[in-house]
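Shown here: run-v9.pdb, PDB, C-alpha atoms.
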```
ATOM      1  CA  MET W 498    -104.880 -13.190  27.100
ATOM      2  CA  LEU W 499    -103.951 -14.711  23.719
ATOM      3  CA  ILE W 500    -103.191 -11.271  22.290
ATOM      4  CA  LYS W 501    -101.062 -10.430  25.330
ATOM      5  CA  ASN W 502     -99.083 -13.664  24.993
ATOM      6  CA  ARG W 503     -98.491 -13.031  21.295
ATOM      7  CA  PHE W 504     -97.263  -9.540  22.121
ATOM      8  CA  ARG W 505     -94.876 -10.934  24.722
ATOM      9  CA  PHE W 506     -93.529 -13.510  22.236
ATOM     10  CA  ALA W 507     -92.997 -10.874  19.561
ATOM     11  CA  HIS W 508     -91.253  -8.644  22.097
ATOM     12  CA  PHE W 509     -88.999 -11.554  23.084
ATOM     13  CA  VAL W 510     -88.041 -12.256  19.450
ATOM     14  CA  ILE W 511     -87.264  -8.593  18.755
ATOM     15  CA  ALA W 512     -85.186  -8.364  21.935
ATOM     16  CA  ALA W 513     -83.234 -11.460  20.948
ATOM     17  CA  LEU W 514     -82.489 -10.064  17.499
ATOM     18  CA  LEU W 515     -81.374  -6.612  18.648
ATOM     19  CA  PRO W 516     -77.907  -7.729  19.866
ATOM     20  CA  LEU W 517     -77.258  -9.413  16.498
ATOM     21  CA  ALA W 518     -78.218  -6.259  14.630
ATOM     22  CA  ALA W 519     -76.017  -4.115  16.876
ATOM     23  CA  MET W 520     -73.158  -6.588  16.528
ATOM     24  CA  ALA W 521     -73.408  -6.479  12.728
ATOM     25  CA  ALA W 522     -73.521  -2.682  12.677
ATOM     26  CA  ASP W 523     -70.344  -2.365  14.773
ATOM     27  CA  TYR W 524     -68.407  -5.274  13.262
ATOM     28  CA  PRO W 525     -65.508  -5.724  13.693
ATOM     29  CA  THR W 526     -64.467  -4.309  17.060
ATOM     30  CA  LYS W 527     -61.765  -6.868  17.904
ATOM     31  CA  PRO W 528     -59.324  -9.218  16.106
ATOM     32  CA  VAL W 529     -60.698 -11.800  13.686
ATOM     33  CA  THR W 530     -59.333 -15.356  13.746
ATOM     34  CA  ILE W 531     -59.065 -17.543  10.629
ATOM     35  CA  VAL W 532     -58.756 -21.185  11.631
ATOM     36  CA  VAL W 533     -56.831 -23.557   9.354
ATOM     37  CA  GLY W 534     -57.465 -27.261   9.815
ATOM     38  CA  TYR W 535     -54.026 -28.176   8.480
ATOM     39  CA  SER W 536     -50.438 -27.635   9.543
ATOM     40  CA  ALA W 537     -48.560 -24.510   8.469
ATOM     41  CA  GLY W 538     -46.993 -24.451   5.014
ATOM     42  CA  GLY W 539     -49.815 -25.993   2.998
ATOM     43  CA  GLY W 540     -51.960 -24.391   0.329
ATOM     44  CA  VAL W 541     -54.904 -23.636   2.635
ATOM     45  CA  ASP W 542     -52.564 -22.108   5.200
ATOM     46  CA  ALA W 543     -50.933 -19.949   2.497
ATOM     47  CA  MET W 544     -54.299 -18.514   1.430
ATOM     48  CA  ALA W 545     -55.254 -17.824   5.043
ATOM     49  CA  ARG W 546     -52.018 -15.891   5.581
ATOM     50  CA  ILE W 547     -52.592 -13.797   2.474
ATOM     51  CA  MET W 548     -56.022 -12.859   3.841
ATOM     52  CA  ALA W 549     -54.555 -12.189   7.292
ATOM     53  CA  ASP W 550     -52.024  -9.862   5.680
ATOM     54  CA  LYS W 551     -54.516  -7.855   3.629
ATOM     55  CA  LEU W 552     -57.871  -7.902   5.418
ATOM     56  CA  PRO W 553     -56.845  -5.693   8.397
ATOM     57  CA  ALA W 554     -56.585  -2.651   6.128
ATOM     58  CA  LEU W 555     -60.175  -3.238   5.025
ATOM     59  CA  LEU W 556     -61.692  -4.351   8.337
ATOM     60  CA  GLY W 557     -59.795  -2.024  10.661
ATOM     61  CA  GLN W 558     -58.848  -4.893  12.996
ATOM     62  CA  PRO W 559     -56.024  -7.470  13.140
ATOM     63  CA  VAL W 560     -56.617 -10.852  11.506
ATOM     64  CA  VAL W 561     -54.735 -13.837  12.920
ATOM     65  CA  VAL W 562     -54.278 -17.376  11.597
ATOM     66  CA  GLU W 563     -54.725 -20.270  14.013
ATOM     67  CA  ASN W 564     -53.602 -23.736  12.853
ATOM     68  CA  ARG W 565     -55.526 -26.679  14.317
ATOM     69  CA  PRO W 566     -54.140 -29.574  12.248
ATOM     70  CA  SER W 567     -55.583 -33.069  12.202
ATOM     71  CA  VAL W 568     -56.196 -35.808   9.659
ATOM     72  CA  GLY W 569     -59.023 -34.649   7.422
ATOM     73  CA  ALA W 570     -58.987 -31.189   9.053
ATOM     74  CA  ILE W 571     -61.801 -32.485  11.256
ATOM     75  CA  VAL W 572     -60.622 -30.884  14.517
ATOM     76  CA  GLY W 573     -60.387 -27.325  13.210
ATOM     77  CA  THR W 574     -63.567 -27.611  11.156
ATOM     78  CA  SER W 575     -65.545 -28.952  14.104
ATOM     79  CA  TYR W 576     -64.164 -26.196  16.324
ATOM     80  CA  VAL W 577     -65.419 -23.444  14.009
ATOM     81  CA  SER W 578     -68.789 -25.166  13.517
ATOM     82  CA  LYS W 579     -69.417 -24.683  17.241
ATOM     83  CA  ALA W 580     -67.986 -21.157  17.488
ATOM     84  CA  LYS W 581     -70.158 -18.139  18.207
ATOM     85  CA  PRO W 582     -71.632 -16.869  14.907
ATOM     86  CA  ASP W 583     -70.369 -13.334  15.314
ATOM     87  CA  GLY W 584     -67.819 -13.087  12.480
ATOM     88  CA  TYR W 585     -64.776 -13.311  14.756
ATOM     89  CA  THR W 586     -64.019 -17.004  14.224
ATOM     90  CA  LEU W 587     -63.845 -18.119  10.590
ATOM     91  CA  ILE W 588     -62.351 -21.069   8.765
ATOM     92  CA  MET W 589     -60.314 -21.227   5.590
ATOM     93  CA  GLY W 590     -62.032 -24.246   4.126
ATOM     94  CA  ALA W 591     -61.342 -26.641   1.277
ATOM     95  CA  PRO W 592     -63.243 -29.482  -0.410
ATOM     96  CA  GLY W 593     -61.621 -32.001   1.945
ATOM     97  CA  PRO W 594     -63.467 -31.087   5.141
ATOM     98  CA  MET W 595     -66.426 -29.373   3.465
ATOM     99  CA  ILE W 596     -67.293 -31.936   0.774
ATOM    100  CA  PHE W 597     -65.134 -35.052   0.628
ATOM    101  CA  ASN W 598     -65.267 -35.843   4.345
ATOM    102  CA  HIS W 599     -69.029 -36.196   4.036
ATOM    103  CA  ALA W 600     -68.479 -38.735   1.257
ATOM    104  CA  VAL W 601     -66.025 -41.025   3.039
ATOM    105  CA  TYR W 602     -66.649 -40.697   6.789
ATOM    106  CA  ALA W 603     -69.625 -42.525   8.296
ATOM    107  CA  LYS W 604     -69.887 -39.926  11.065
ATOM    108  CA  LEU W 605     -68.520 -36.413  11.557
ATOM    109  CA  PRO W 606     -68.810 -33.908  14.423
ATOM    110  CA  TYR W 607     -70.174 -31.268  12.022
ATOM    111  CA  THR W 608     -72.590 -31.000   9.089
ATOM    112  CA  PRO W 609     -72.726 -28.816   5.942
ATOM    113  CA  GLN W 610     -75.540 -26.878   7.614
ATOM    114  CA  ASP W 611     -73.183 -25.757  10.400
ATOM    115  CA  PHE W 612     -71.510 -23.218   8.071
ATOM    116  CA  THR W 613     -72.308 -20.115   6.076
ATOM    117  CA  PRO W 614     -70.001 -19.844   3.039
ATOM    118  CA  ILE W 615     -68.474 -16.393   2.500
ATOM    119  CA  SER W 616     -66.367 -16.510  -0.668
ATOM    120  CA  PHE W 617     -63.869 -18.505  -2.677
ATOM    121  CA  VAL W 618     -60.277 -17.279  -2.405
ATOM    122  CA  SER W 619     -58.519 -19.443  -4.974
ATOM    123  CA  ASP W 620     -58.668 -22.556  -7.121
ATOM    124  CA  SER W 621     -55.857 -25.021  -7.784
ATOM    125  CA  PRO W 622     -55.179 -28.140  -9.856
ATOM    126  CA  LEU W 623     -53.188 -31.009  -8.348
ATOM    127  CA  MET W 624     -49.761 -32.354  -9.279
ATOM    128  CA  LEU W 625     -48.766 -36.029  -9.225
ATOM    129  CA  LEU W 626     -45.453 -36.121  -7.358
ATOM    130  CA  VAL W 627     -42.825 -38.827  -6.900
ATOM    131  CA  ASN W 628     -39.377 -38.800  -5.354
ATOM    132  CA  ALA W 629     -36.691 -37.479  -7.700
ATOM    133  CA  SER W 630     -34.835 -40.796  -7.445
ATOM    134  CA  ASN W 631     -37.855 -42.796  -8.581
ATOM    135  CA  PRO W 632     -37.004 -44.372 -11.967
ATOM    136  CA  ALA W 633     -40.548 -43.783 -13.248
ATOM    137  CA  LYS W 634     -40.506 -41.279 -16.104
ATOM    138  CA  THR W 635     -44.206 -41.450 -16.909
ATOM    139  CA  VAL W 636     -47.477 -42.065 -15.104
ATOM    140  CA  GLN W 637     -47.695 -45.475 -16.760
ATOM    141  CA  ASP W 638     -44.256 -46.348 -15.373
ATOM    142  CA  LEU W 639     -45.496 -45.438 -11.908
ATOM    143  CA  VAL W 640     -48.698 -47.439 -12.305
ATOM    144  CA  ASN W 641     -46.676 -50.465 -13.455
ATOM    145  CA  GLN W 642     -44.428 -50.139 -10.399
ATOM    146  CA  SER W 643     -47.439 -50.298  -8.095
ATOM    147  CA  LYS W 644     -48.842 -53.347  -9.860
ATOM    148  CA  GLN W 645     -45.513 -55.168  -9.631
ATOM    149  CA  ASN W 646     -44.925 -54.230  -5.957
ATOM    150  CA  PRO W 647     -48.283 -53.405  -4.371
ATOM    151  CA  GLU W 648     -47.021 -54.111  -0.843
ATOM    152  CA  LYS W 649     -44.408 -51.353  -1.254
ATOM    153  CA  SER W 650     -46.658 -48.836  -3.025
ATOM    154  CA  ASN W 651     -48.428 -46.131  -1.047
ATOM    155  CA  TYR W 652     -49.515 -42.512  -1.228
ATOM    156  CA  ALA W 653     -49.767 -39.592   1.174
ATOM    157  CA  ALA W 654     -53.079 -37.758   1.644
ATOM    158  CA  SER W 655     -53.836 -35.057   4.193
ATOM    159  CA  SER W 656     -57.616 -35.013   3.752
ATOM    160  CA  ALA W 657     -60.519 -36.900   2.248
ATOM    161  CA  SER W 658     -60.238 -34.844  -0.936
ATOM    162  CA  PHE W 659     -56.714 -36.050  -1.709
ATOM    163  CA  GLN W 660     -57.606 -39.562  -0.585
ATOM    164  CA  LEU W 661     -60.756 -39.833  -2.682
ATOM    165  CA  ILE W 662     -59.136 -38.332  -5.782
ATOM    166  CA  THR W 663     -56.126 -40.652  -5.459
ATOM    167  CA  GLU W 664     -58.375 -43.660  -4.936
ATOM    168  CA  LEU W 665     -60.195 -42.595  -8.098
ATOM    169  CA  PHE W 666     -56.781 -42.486  -9.797
ATOM    170  CA  ASN W 667     -56.233 -46.075  -8.585
ATOM    171  CA  LYS W 668     -59.609 -47.042 -10.016
ATOM    172  CA  LYS W 669     -59.019 -45.359 -13.381
ATOM    173  CA  THR W 670     -55.506 -46.769 -13.884
ATOM    174  CA  GLY W 671     -55.545 -50.074 -12.026
ATOM    175  CA  ALA W 672     -52.769 -48.815  -9.719
ATOM    176  CA  LYS W 673     -52.320 -50.394  -6.278
ATOM    177  CA  PHE W 674     -51.315 -47.500  -4.020
ATOM    178  CA  THR W 675     -52.326 -47.709  -0.337
ATOM    179  CA  HIS W 676     -53.414 -44.647   1.644
ATOM    180  CA  ILE W 677     -51.121 -43.210   4.354
ATOM    181  CA  PRO W 678     -52.738 -40.255   6.223
ATOM    182  CA  TYR W 679     -50.878 -37.010   6.968
ATOM    183  CA  LYS W 680     -51.939 -33.808   8.734
ATOM    184  CA  GLY W 681     -51.220 -31.341   5.923
ATOM    185  CA  ALA W 682     -50.390 -31.057   2.233
ATOM    186  CA  ASN W 683     -46.900 -29.853   3.121
ATOM    187  CA  ASP W 684     -46.426 -32.985   5.243
ATOM    188  CA  SER W 685     -47.530 -35.116   2.293
ATOM    189  CA  VAL W 686     -44.934 -33.506   0.020
ATOM    190  CA  MET W 687     -42.271 -33.968   2.691
ATOM    191  CA  ALA W 688     -43.187 -37.655   2.847
ATOM    192  CA  VAL W 689     -42.513 -37.958  -0.896
ATOM    193  CA  MET W 690     -39.259 -36.009  -0.526
ATOM    194  CA  SER W 691     -38.040 -38.323   2.237
ATOM    195  CA  GLY W 692     -39.109 -41.476   0.416
ATOM    196  CA  ASP W 693     -41.628 -42.466   3.101
ATOM    197  CA  VAL W 694     -44.357 -42.802   0.445
ATOM    198  CA  SER W 695     -44.314 -43.627  -3.254
ATOM    199  CA  MET W 696     -46.394 -40.704  -4.481
ATOM    200  CA  ALA W 697     -48.813 -37.932  -3.628
ATOM    201  CA  LEU W 698     -51.303 -35.693  -5.357
ATOM    202  CA  ALA W 699     -50.681 -32.183  -4.010
ATOM    203  CA  ASP W 700     -51.660 -28.649  -4.863
ATOM    204  CA  ALA W 701     -48.978 -26.551  -6.512
ATOM    205  CA  GLY W 702     -48.099 -24.387  -3.494
ATOM    206  CA  PRO W 703     -46.773 -27.182  -1.269
ATOM    207  CA  ALA W 704     -45.498 -29.091  -4.320
ATOM    208  CA  SER W 705     -43.299 -26.166  -5.344
ATOM    209  CA  VAL W 706     -41.109 -26.599  -2.241
ATOM    210  CA  GLY W 707     -40.112 -30.094  -3.281
ATOM    211  CA  LEU W 708     -39.844 -29.201  -6.950
ATOM    212  CA  GLN W 709     -37.571 -26.223  -6.291
ATOM    213  CA  SER W 710     -35.320 -28.346  -4.076
ATOM    214  CA  GLY W 711     -35.031 -30.951  -6.809
ATOM    215  CA  ARG W 712     -36.069 -33.708  -4.410
ATOM    216  CA  VAL W 713     -39.356 -34.495  -6.133
ATOM    217  CA  LYS W 714     -40.551 -34.538  -9.730
ATOM    218  CA  VAL W 715     -43.992 -34.131 -11.256
ATOM    219  CA  LEU W 716     -45.341 -36.687 -13.721
ATOM    220  CA  ALA W 717     -48.741 -35.133 -14.515
ATOM    221  CA  VAL W 718     -51.324 -32.549 -13.458
ATOM    222  CA  THR W 719     -55.070 -32.910 -12.916
ATOM    223  CA  SER W 720     -56.152 -29.708 -14.670
ATOM    224  CA  ALA W 721     -58.065 -29.682 -17.954
ATOM    225  CA  LYS W 722     -55.153 -27.837 -19.604
ATOM    226  CA  ARG W 723     -51.422 -27.805 -18.937
ATOM    227  CA  MET W 724     -50.325 -25.427 -16.210
ATOM    228  CA  PRO W 725     -48.574 -22.303 -17.576
ATOM    229  CA  ASP W 726     -45.700 -22.679 -15.095
ATOM    230  CA  TYR W 727     -45.166 -26.321 -16.092
ATOM    231  CA  PRO W 728     -45.786 -26.415 -19.855
ATOM    232  CA  ASN W 729     -43.854 -29.674 -20.326
ATOM    233  CA  VAL W 730     -45.926 -31.616 -17.802
ATOM    234  CA  PRO W 731     -48.878 -33.475 -19.374
ATOM    235  CA  THR W 732     -52.396 -33.570 -17.973
ATOM    236  CA  LEU W 733     -53.839 -36.904 -16.926
ATOM    237  CA  ALA W 734     -56.498 -36.413 -19.602
ATOM    238  CA  GLU W 735     -53.786 -36.177 -22.262
ATOM    239  CA  LEU W 736     -52.502 -39.531 -21.078
ATOM    240  CA  GLY W 737     -55.906 -41.122 -21.541
ATOM    241  CA  ILE W 738     -56.839 -41.037 -17.844
ATOM    242  CA  ASP W 739     -60.308 -39.545 -17.352
ATOM    243  CA  LEU W 740     -59.557 -37.525 -14.248
ATOM    244  CA  LYS W 741     -59.905 -33.726 -14.238
ATOM    245  CA  VAL W 742     -60.173 -31.973 -10.908
ATOM    246  CA  SER W 743     -59.106 -28.798  -9.108
ATOM    247  CA  LEU W 744     -59.519 -27.766  -5.493
ATOM    248  CA  TRP W 745     -60.998 -24.478  -4.356
ATOM    249  CA  ILE W 746     -60.074 -22.752  -1.108
ATOM    250  CA  GLY W 747     -62.593 -20.459   0.531
ATOM    251  CA  LEU W 748     -63.617 -18.616   3.678
ATOM    252  CA  LEU W 749     -66.606 -19.776   5.747
ATOM    253  CA  ALA W 750     -68.300 -18.677   8.964
ATOM    254  CA  PRO W 751     -70.411 -20.560  11.518
ATOM    255  CA  ALA W 752     -74.077 -20.868  10.552
ATOM    256  CA  GLY W 753     -76.189 -18.051  11.920
ATOM    257  CA  THR W 754     -73.591 -15.344  11.287
ATOM    258  CA  PRO W 755     -75.553 -12.140  10.482
ATOM    259  CA  PRO W 756     -75.955 -11.571   6.716
ATOM    260  CA  GLU W 757     -74.514  -8.067   7.044
ATOM    261  CA  ILE W 758     -71.267  -9.472   8.434
ATOM    262  CA  VAL W 759     -71.140 -12.195   5.769
ATOM    263  CA  LYS W 760     -71.619  -9.565   3.058
ATOM    264  CA  GLN W 761     -68.931  -7.320   4.529
ATOM    265  CA  LEU W 762     -66.460 -10.210   4.604
ATOM    266  CA  GLN W 763     -67.469 -11.345   1.108
ATOM    267  CA  ASP W 764     -66.841  -7.865  -0.296
ATOM    268  CA  SER W 765     -63.544  -7.608   1.564
ATOM    269  CA  VAL W 766     -62.307 -10.954   0.221
ATOM    270  CA  ALA W 767     -63.220  -9.883  -3.321
ATOM    271  CA  LYS W 768     -61.178  -6.689  -2.886
ATOM    272  CA  VAL W 769     -58.169  -8.627  -1.575
ATOM    273  CA  VAL W 770     -58.301 -11.177  -4.403
ATOM    274  CA  ALA W 771     -58.430  -8.330  -6.955
ATOM    275  CA  MET W 772     -55.268  -6.652  -5.608
ATOM    276  CA  PRO W 773     -52.448  -6.873  -8.200
ATOM    277  CA  ASP W 774     -49.820  -7.940  -5.659
ATOM    278  CA  VAL W 775     -52.123 -10.661  -4.303
ATOM    279  CA  GLN W 776     -52.804 -11.939  -7.799
ATOM    280  CA  LYS W 777     -49.056 -12.023  -8.422
ATOM    281  CA  ARG W 778     -48.435 -13.932  -5.174
ATOM    282  CA  MET W 779     -51.138 -16.459  -5.978
ATOM    283  CA  THR W 780     -50.090 -17.040  -9.572
ATOM    284  CA  THR W 781     -46.511 -17.491  -8.361
ATOM    285  CA  MET W 782     -47.900 -20.382  -6.312
ATOM    286  CA  SER W 783     -49.654 -21.700  -9.436
ATOM    287  CA  VAL W 784     -53.103 -21.093  -7.967
ATOM    288  CA  ILE W 785     -55.928 -19.171  -9.620
ATOM    289  CA  PRO W 786     -57.196 -16.095  -7.701
ATOM    290  CA  MET W 787     -60.975 -16.345  -7.436
ATOM    291  CA  SER W 788     -63.887 -14.878  -5.485
ATOM    292  CA  ASN W 789     -67.647 -15.389  -5.613
ATOM    293  CA  THR W 790     -70.785 -14.701  -3.593
ATOM    294  CA  SER W 791     -71.964 -16.544  -0.525
ATOM    295  CA  GLU W 792     -74.903 -17.910  -2.509
ATOM    296  CA  GLU W 793     -72.676 -19.161  -5.350
ATOM    297  CA  PHE W 794     -70.296 -20.782  -2.876
ATOM    298  CA  ALA W 795     -73.187 -22.512  -1.086
ATOM    299  CA  LYS W 796     -74.481 -23.953  -4.377
ATOM    300  CA  VAL W 797     -71.064 -25.487  -5.128
ATOM    301  CA  ILE W 798     -71.010 -27.299  -1.782
ATOM    302  CA  ALA W 799     -74.631 -28.438  -2.046
ATOM    303  CA  SER W 800     -74.171 -29.801  -5.580
ATOM    304  CA  GLU W 801     -70.817 -31.539  -5.055
ATOM    305  CA  ILE W 802     -71.493 -33.461  -1.837
ATOM    306  CA  PRO W 803     -74.023 -35.904  -3.345
ATOM    307  CA  LEU W 804     -71.841 -36.452  -6.436
ATOM    308  CA  TRP W 805     -68.766 -37.472  -4.424
ATOM    309  CA  LYS W 806     -70.882 -39.449  -1.944
ATOM    310  CA  GLN W 807     -72.194 -41.527  -4.815
ATOM    311  CA  LEU W 808     -68.716 -41.973  -6.274
ATOM    312  CA  ALA W 809     -67.354 -43.105  -2.909
ATOM    313  CA  ALA W 810     -70.253 -45.550  -2.444
ATOM    314  CA  ASP W 811     -69.953 -46.946  -5.967
ATOM    315  CA  ASN W 812     -66.242 -47.619  -5.495
ATOM    316  CA  ASN W 813     -66.404 -48.613  -1.793
ATOM    317  CA  ILE W 814     -64.034 -45.785  -0.834
ATOM    318  CA  LYS W 815     -64.022 -45.095   2.903
ATOM    319  CA  ALA W 816     -61.770 -43.122   5.223
ATOM    320  CA  ASN W 817     -59.227 -45.286   7.027
TER
END
```
Structure encoded using structure tokens:
Amino acid sequence: MLIKNRFRFAHFVIAALLPLAAMAADYPTKPVTIVVGYSAGGGVDAMARIMADKLPALLGQPVVVENRPSVGAIVGTSYVSKAKPDGYTLIMGAPGPMIFNHAVYAKLPYTPQDFTPISFVSDSPLMLLVNASNPAKTVQDLVNQSKQNPEKSNYAASSASFQLITELFNKKTGAKFTHIPYKGANDSVMAVMSGDVSMALADAGPASVGLQSGRVKVLAVTSAKRMPDYPNVPTLAELGIDLKVSLWIGLLAPAGTPPEIVKQLQDSVAKVVAMPDVQKRMTTMSVIPMSNTSEEFAKVIASEIPLWKQLAADNNIKAN
């Protein structure tokens, strides 16, 4: 009887796995959706649309972008965490929802274990933006403004990543900027352009809209070295502020997605990122084209979450 029961259990397991194997072998047979947890026009959205433009030629199926914006990208991220792990619903993720949210939110509707990383797509430093009419000519001028008028000093942040990094900027400089949440990086830049907030740290893609219009100006960048497109803009490190950070953007799938599908998507992303016209488009946006393996991506997430959790706890930084 025991042998018969073991045989039945083994048969059940094999039967359960067969559809997954067949699904992986045929993948994809229908359109693939890339969810973006932010509004259209931001850096994450831009990378998703590049992938949606190029991946169909490699996958043989359409790829569509679906924006599900919310503060912290929580809505879209949670949605994908609960999606069927069949490779047809993916998310273009960023450190905000994948790392920083876990550092500043007491409770989230998803966990790091709910996702299987696929590959990085790009990496980007941040730019410290103020309205073009702001009299501040340097970062120190801006910091002094906030100290003199803390009740009128605020910053826009569309996710926990921007919030935590800006709060770290406050800590490092003694600035007094208060957090105002927005749904996307593009919205944050628009808030600076309209004068609704004093400043924002934004990735170069969304920042370029305001810079090209002449309605915002950049006082510093967070990269280790000056950005090639902005050689006259100093790094925060040059100014004596110990803050160096850049934000990756990458594709992830729900946990349990068959390894064969993950590998196919990983290889496809690498091919897209290596395309000369894609590299030109990304560098025009002042982002660095980048791909890696699922395993490498997973190690980045696993190593960074505890570091930022500790930083947030040490400085009592919490999501509003």
* To do: Work out how far atom CA of W:Asp620 is from atom CA of W:Gln763, in Å to one decimal.
  => 16.5 Å
* To do: List, as a ChimeraX atom specification, every residue that the PyMOL selection byres ((chain W and resi 625) around 7) selects in the file provided.
  => /W:623-624,626-627,697-699,715-718
* To do: Using all atoms listed in the file, find all polymer residues with an atom at most 12 Å away from the point (-56.7, -50.5, -8.8); report them as JSON, numbers by chain.
  => {"W": [640, 641, 643, 644, 647, 650, 663, 664, 665, 666, 667, 668, 669, 670, 671, 672, 673, 674, 675, 812, 814]}
* To do: Run through the PyMOL selection byres ((chain W and resi 729-740) around 6) on the given coordinates and return the selected residues as number ranges by chain.
  => W: 717-719, 723, 727-728, 741
Would you give me, as a Markdown table, each residue of stretch 504-616 of chain W having an atom within 8 Å of an atom of stretch 788-794 of chain W, along with its shortest atom pair and that distance in Å to one decimal, using all atoms listed in the file and sorting by chain and residue number?
```
| residue | atom | partner | partner_atom | distance |
| --- | --- | --- | --- | --- |
| W:Thr613 | CA | W:Ser791 | CA | 7.5 |
| W:Pro614 | CA | W:Ser791 | CA | 5.2 |
| W:Ile615 | CA | W:Ser791 | CA | 4.6 |
| W:Ser616 | CA | W:Asn789 | CA | 5.2 |
```
As a PDB file, in the frame of the given file, the rebuilt stretch 602-608 of chain W with all heavy atoms:
```pdb
ATOM      1  N   TYR W 602     -66.526 -40.413   5.359  1.00  0.00           N
ATOM      2  CA  TYR W 602     -66.649 -40.697   6.789  1.00  0.00           C
ATOM      3  C   TYR W 602     -68.093 -41.049   7.128  1.00  0.00           C
ATOM      4  O   TYR W 602     -69.023 -40.364   6.716  1.00  0.00           O
ATOM      5  CB  TYR W 602     -66.218 -39.493   7.625  1.00  0.00           C
ATOM      6  CG  TYR W 602     -64.719 -39.308   7.716  1.00  0.00           C
ATOM      7  CD1 TYR W 602     -64.051 -38.474   6.819  1.00  0.00           C
ATOM      8  CD2 TYR W 602     -63.972 -39.957   8.690  1.00  0.00           C
ATOM      9  CE1 TYR W 602     -62.673 -38.293   6.888  1.00  0.00           C
ATOM     10  CE2 TYR W 602     -62.595 -39.776   8.769  1.00  0.00           C
ATOM     11  CZ  TYR W 602     -61.953 -38.953   7.868  1.00  0.00           C
ATOM     12  OH  TYR W 602     -60.597 -38.789   7.943  1.00  0.00           O
ATOM     13  N   ALA W 603     -68.277 -42.118   7.897  1.00  0.00           N
ATOM     14  CA  ALA W 603     -69.625 -42.525   8.296  1.00  0.00           C
ATOM     15  C   ALA W 603     -70.238 -41.527   9.268  1.00  0.00           C
ATOM     16  O   ALA W 603     -71.458 -41.308   9.276  1.00  0.00           O
ATOM     17  CB  ALA W 603     -69.588 -43.913   8.927  1.00  0.00           C
ATOM     18  N   LYS W 604     -69.392 -40.875  10.072  1.00  0.00           N
ATOM     19  CA  LYS W 604     -69.887 -39.926  11.065  1.00  0.00           C
ATOM     20  C   LYS W 604     -68.877 -38.806  11.258  1.00  0.00           C
ATOM     21  O   LYS W 604     -67.677 -39.061  11.322  1.00  0.00           O
ATOM     22  CB  LYS W 604     -70.146 -40.643  12.397  1.00  0.00           C
ATOM     23  CG  LYS W 604     -70.835 -39.792  13.443  1.00  0.00           C
ATOM     24  CD  LYS W 604     -71.142 -40.601  14.689  1.00  0.00           C
ATOM     25  CE  LYS W 604     -71.859 -39.765  15.744  1.00  0.00           C
ATOM     26  NZ  LYS W 604     -72.146 -40.548  16.977  1.00  0.00           N
ATOM     27  N   LEU W 605     -69.369 -37.580  11.339  1.00  0.00           N
ATOM     28  CA  LEU W 605     -68.520 -36.413  11.557  1.00  0.00           C
ATOM     29  C   LEU W 605     -69.125 -35.547  12.661  1.00  0.00           C
ATOM     30  O   LEU W 605     -70.347 -35.556  12.864  1.00  0.00           O
ATOM     31  CB  LEU W 605     -68.406 -35.576  10.274  1.00  0.00           C
ATOM     32  CG  LEU W 605     -67.582 -36.158   9.129  1.00  0.00           C
ATOM     33  CD1 LEU W 605     -67.819 -35.354   7.851  1.00  0.00           C
ATOM     34  CD2 LEU W 605     -66.097 -36.161   9.467  1.00  0.00           C
ATOM     35  N   PRO W 606     -68.291 -34.769  13.361  1.00  0.00           N
ATOM     36  CA  PRO W 606     -68.810 -33.908  14.423  1.00  0.00           C
ATOM     37  C   PRO W 606     -69.372 -32.583  13.905  1.00  0.00           C
ATOM     38  O   PRO W 606     -69.590 -31.658  14.687  1.00  0.00           O
ATOM     39  CB  PRO W 606     -67.584 -33.673  15.311  1.00  0.00           C
ATOM     40  CG  PRO W 606     -66.430 -33.770  14.371  1.00  0.00           C
ATOM     41  CD  PRO W 606     -66.815 -34.812  13.353  1.00  0.00           C
ATOM     42  N   TYR W 607     -69.589 -32.471  12.611  1.00  0.00           N
ATOM     43  CA  TYR W 607     -70.174 -31.268  12.022  1.00  0.00           C
ATOM     44  C   TYR W 607     -70.938 -31.655  10.769  1.00  0.00           C
ATOM     45  O   TYR W 607     -70.766 -32.756  10.225  1.00  0.00           O
ATOM     46  CB  TYR W 607     -69.087 -30.238  11.688  1.00  0.00           C
ATOM     47  CG  TYR W 607     -68.063 -30.718  10.684  1.00  0.00           C
ATOM     48  CD1 TYR W 607     -68.263 -30.548   9.312  1.00  0.00           C
ATOM     49  CD2 TYR W 607     -66.884 -31.349  11.097  1.00  0.00           C
ATOM     50  CE1 TYR W 607     -67.318 -31.003   8.387  1.00  0.00           C
ATOM     51  CE2 TYR W 607     -65.940 -31.799  10.183  1.00  0.00           C
ATOM     52  CZ  TYR W 607     -66.169 -31.628   8.835  1.00  0.00           C
ATOM     53  OH  TYR W 607     -65.252 -32.073   7.914  1.00  0.00           O
ATOM     54  N   THR W 608     -71.799 -30.768  10.301  1.00  0.00           N
ATOM     55  CA  THR W 608     -72.590 -31.000   9.089  1.00  0.00           C
ATOM     56  C   THR W 608     -72.415 -29.815   8.140  1.00  0.00           C
ATOM     57  O   THR W 608     -71.955 -28.736   8.562  1.00  0.00           O
ATOM     58  CB  THR W 608     -74.087 -31.141   9.417  1.00  0.00           C
ATOM     59  OG1 THR W 608     -74.605 -29.846   9.788  1.00  0.00           O
ATOM     60  CG2 THR W 608     -74.315 -32.125  10.555  1.00  0.00           C
TER      61      THR W 608
END
```
